[in-house]
Amino acid sequence: LVGGPAAVPGSPAHCGTWTAWGGEGKGAVTGHNHGYGLSGTDLAQQQWTTFGLGIPSPAANQDLTITGLQVRLDDAFLSGSCSNTRIGVELSWNDGGNWSTQVWTPNLGTNANNGDYPLGNTGNLTPWGGHGWDEGDFSNANFRVRLTADKGCTDNTRLVRVDQVRVQVWWGMATTTTTTTTTWTVETLSVPDPITASTLASQGFWGAIFTQGGWRENGDKYAPAILGGGTGDPSTSDSPTYDAGGYDYTIELPGGSGQVQLFDPIYCATGDNGHGGSFGAGDHWTSPGNIAPVAITYRLYDTQGTVLDITDDGAPVATLSYDPAGKMLGDFSGEFGTPGNQADGITAQDQDCADDPAHNAWVTVASGLAEGTYRLNVNTSLDAVNASVGAENLFSIWVKSTGNADGDARVYGGGRMAAYTNLDTGQQKFYFAQIERVHAGKTMVIHLFDPGETSGNAYLRLLSPDGNIYRRQTFDWESDDGRSATGVQEIQTSNGSPLFNNREITITVALPASYGQSGLDPLGDVTDEDGWWLIEYQLDNGNDTTTWSVDIRGNPVHLVTP
């Protein structure tokens, strides 16, 4: 069992020199109601308590582990210009007796609408120092949050304001015996921000595409030209869903000086990690099993403002093409390749790509782009070498519009996309669609192709952001082989053998008329945008590629978080 409670708001403890409530006569600071906590004094502090986090106590045969801890400040801003002003956040587990490492917000602005700051991490406890957290630390009697106003000016009329403080704790529960303890291991590759070099928050999956000569049954519905098994037809049959056009990603650049970068765009096979997946980004050969050179091409187009019409896109603005020149490319480094690659048949006579500048690194597709909407096409059918090899290439896309003050560049799947999840044992979450409040009362339709294939049990769930809390969503589903269910909150996709191999599941979700009225921005959401839904996988030894698309009764929606 892995989980976390709601993003729970707290109340001021009246312990400090901030004005604890009654901000401008708008009510007590006990909710997201513009009843601001105020401070005009440098280094003034305020403590918050009574979050009601409710972490469960483990049974005698269970171990509970706190796996993530995040504090969110809602509508934190300044009443007037005061440069280099920020808020420090500390946590206490013993009613103020000791305090954690202090975590700071960025410098505050003067607009409450841009003042939501998630601090900490839903996946680890590192930002808060070395304290070993347990469930008792989060009781109302013990847990406190302390805010410190670090003013960048001496003008006490410039007030630091905070509307609401929320806390979310992520935890895991494992059943134990006298000889063994269930543990969870996530295969990770830290990906740095191309500009700041700080580690980017994981979105839970890699972008994926198979070669033309691969088999559809491995999870990519469109790029492979061969069907594979699982449908009753011969595995070498032509795939009826093969599309030589590859996958398109839509990129919105709201200001000038836009740039597009790709992480690990080259095919560089990494080693087998020994439990169902591959190291690093995870490039690997697949069915039909022959190891051969793999090529890939990325092309960036200007949509000319007609996103749904590609006929007027003209020639590519930029192209990245990786031709292996007849070589099998494998990572021979001790961290990501050896000895697995050589055991799989990649030898020193072929090419070691461990130090290739396009492997495990960012590569610029284009920079200095004008404001507009662009289309990034990822394709393996343009290269004839791919027609006779089965392989999967994994990558990430990063976009930025430096000429826009808000920096609101976006990238998302152009109606459909394939994603690769690489998880040993445990729970994985990834964003799959943005559903705004305007869709309240409509029906969301999700198409998942070949989901949740693992060597153990696997369960798929949907998490809705409605009400500013991620909750499991009730839905109906139907497989293209006739199986179906109504009013459920999960689908078992594997029982040790895949239950939907080469099959598509159609999920329907009736969005209530009240959808979004209480907010669509849960604590822990790293997108800084409202309405992002999550897919939750609970699985063992997962190495899974799934293709999906989402519609609101025929209207495609954004598929990938910025």
# chains A, B, ... in the order shown; residues from 1 in each chain; ligands from 1
$ residues_around --residues "A:Trp133" --least-positions-apart "6" --cutoff "9 Å" --atoms "only C-alpha atoms" --output "list of chain:residue names"
A:Thr65, A:Ile66, A:Trp93, A:Leu125
$ atom_distance --atom1 "atom CA of A:Thr421" --atom2 "atom CA of A:Asn543"
6.0 Å
$ residues_around --residues "A:Ser367" --least-positions-apart "2" --cutoff "7 Å" --atoms "only C-alpha atoms" --output "MDAnalysis selection string"
chainID A and resid 257:260 369
$ write_last_selection --atoms "N, CA, C and O atoms" --output "mmCIF file, in the first residue's frame"
data_model
loop_
_atom_site.group_PDB
_atom_site.id
_atom_site.type_symbol
_atom_site.label_atom_id
_atom_site.label_comp_id
_atom_site.auth_asym_id
_atom_site.auth_seq_id
_atom_site.Cartn_x
_atom_site.Cartn_y
_atom_site.Cartn_z
ATOM 1 N N SER A 257 12.447 34.179 -28.707
ATOM 2 C CA SER A 257 13.640 33.478 -28.206
ATOM 3 C C SER A 257 13.294 32.101 -27.664
ATOM 4 O O SER A 257 13.836 31.660 -26.650
ATOM 5 N N GLY A 258 12.385 31.428 -28.327
ATOM 6 C CA GLY A 258 11.986 30.092 -27.895
ATOM 7 C C GLY A 258 13.040 29.053 -28.227
ATOM 8 O O GLY A 258 13.799 29.196 -29.187
ATOM 9 N N GLN A 259 13.075 27.993 -27.438
ATOM 10 C CA GLN A 259 14.010 26.904 -27.702
ATOM 11 C C GLN A 259 13.366 25.561 -27.408
ATOM 12 O O GLN A 259 12.473 25.441 -26.563
ATOM 13 N N VAL A 260 13.853 24.546 -28.116
ATOM 14 C CA VAL A 260 13.389 23.168 -27.952
ATOM 15 C C VAL A 260 14.617 22.290 -27.772
ATOM 16 O O VAL A 260 15.553 22.354 -28.580
ATOM 17 N N LEU A 369 13.631 30.777 -31.562
ATOM 18 C CA LEU A 369 12.385 30.620 -32.308
ATOM 19 C C LEU A 369 11.422 31.763 -32.015
ATOM 20 O O LEU A 369 11.305 32.227 -30.880
#
$ select_by_dssp --residues "stretch 212-446 of chain A" --states "strand (DSSP E or B)" --output "PyMOL selection string"
chain A and resi 215+226+238+247-253+258-263+269+272+278+284-285+296-302+318-322+329-330+351-352+362-369+372-379+391-401+410-413+417-434+443-446
$ atom_distance --atom1 "atom CA of A:Arg166" --atom2 "atom CA of A:Phe205"
27.0 Å
$ closest_residue --among "A:Pro240, A:Pro224, A:Gly213, A:Gly245" --to "A:Val385" --atoms "only C-alpha atoms"
A:Gly213
$ closest_residue --among "A:Lys400, A:Lys151, A:Lys429, A:Arg146" --to "A:Leu262" --atoms "only C-alpha atoms"
A:Lys400
$ atom_distance --atom1 "atom CA of A:Arg161" --atom2 "atom CA of A:Leu78"
6.0 Å
$ residues_around --residues "A:Asp544" --least-positions-apart "6" --cutoff "7 Å" --atoms "only C-alpha atoms" --output "list in words"
Tyr420, Thr421, Asn422, Gly452, Glu453 and Thr454 of chain A
$ write_last_selection --atoms "N, CA and C atoms" --output "compact mmCIF listing (two decimals), in the first residue's frame"
# COMPACT_ATOMS: atom_id res chain seq x y z
N TYR A 420 6.86 5.18 -21.86
CA TYR A 420 7.56 4.03 -21.30
C TYR A 420 7.74 4.23 -19.80
N THR A 421 7.27 3.27 -19.00
CA THR A 421 7.40 3.28 -17.55
C THR A 421 8.35 2.17 -17.14
N ASN A 422 9.36 2.52 -16.36
CA ASN A 422 10.38 1.54 -15.95
C ASN A 422 10.44 1.53 -14.43
N GLY A 452 0.08 -1.77 -18.73
CA GLY A 452 0.39 -2.45 -17.48
C GLY A 452 0.98 -3.83 -17.59
N GLU A 453 1.86 -4.07 -18.56
CA GLU A 453 2.46 -5.40 -18.69
C GLU A 453 3.65 -5.52 -17.73
N THR A 454 3.58 -6.50 -16.83
CA THR A 454 4.64 -6.76 -15.87
C THR A 454 4.76 -8.27 -15.68
$ residues_around --residues "A:Met417" --least-positions-apart "5" --cutoff "7 Å" --atoms "only C-alpha atoms" --output "ChimeraX atom specification"
/A:247,547-549
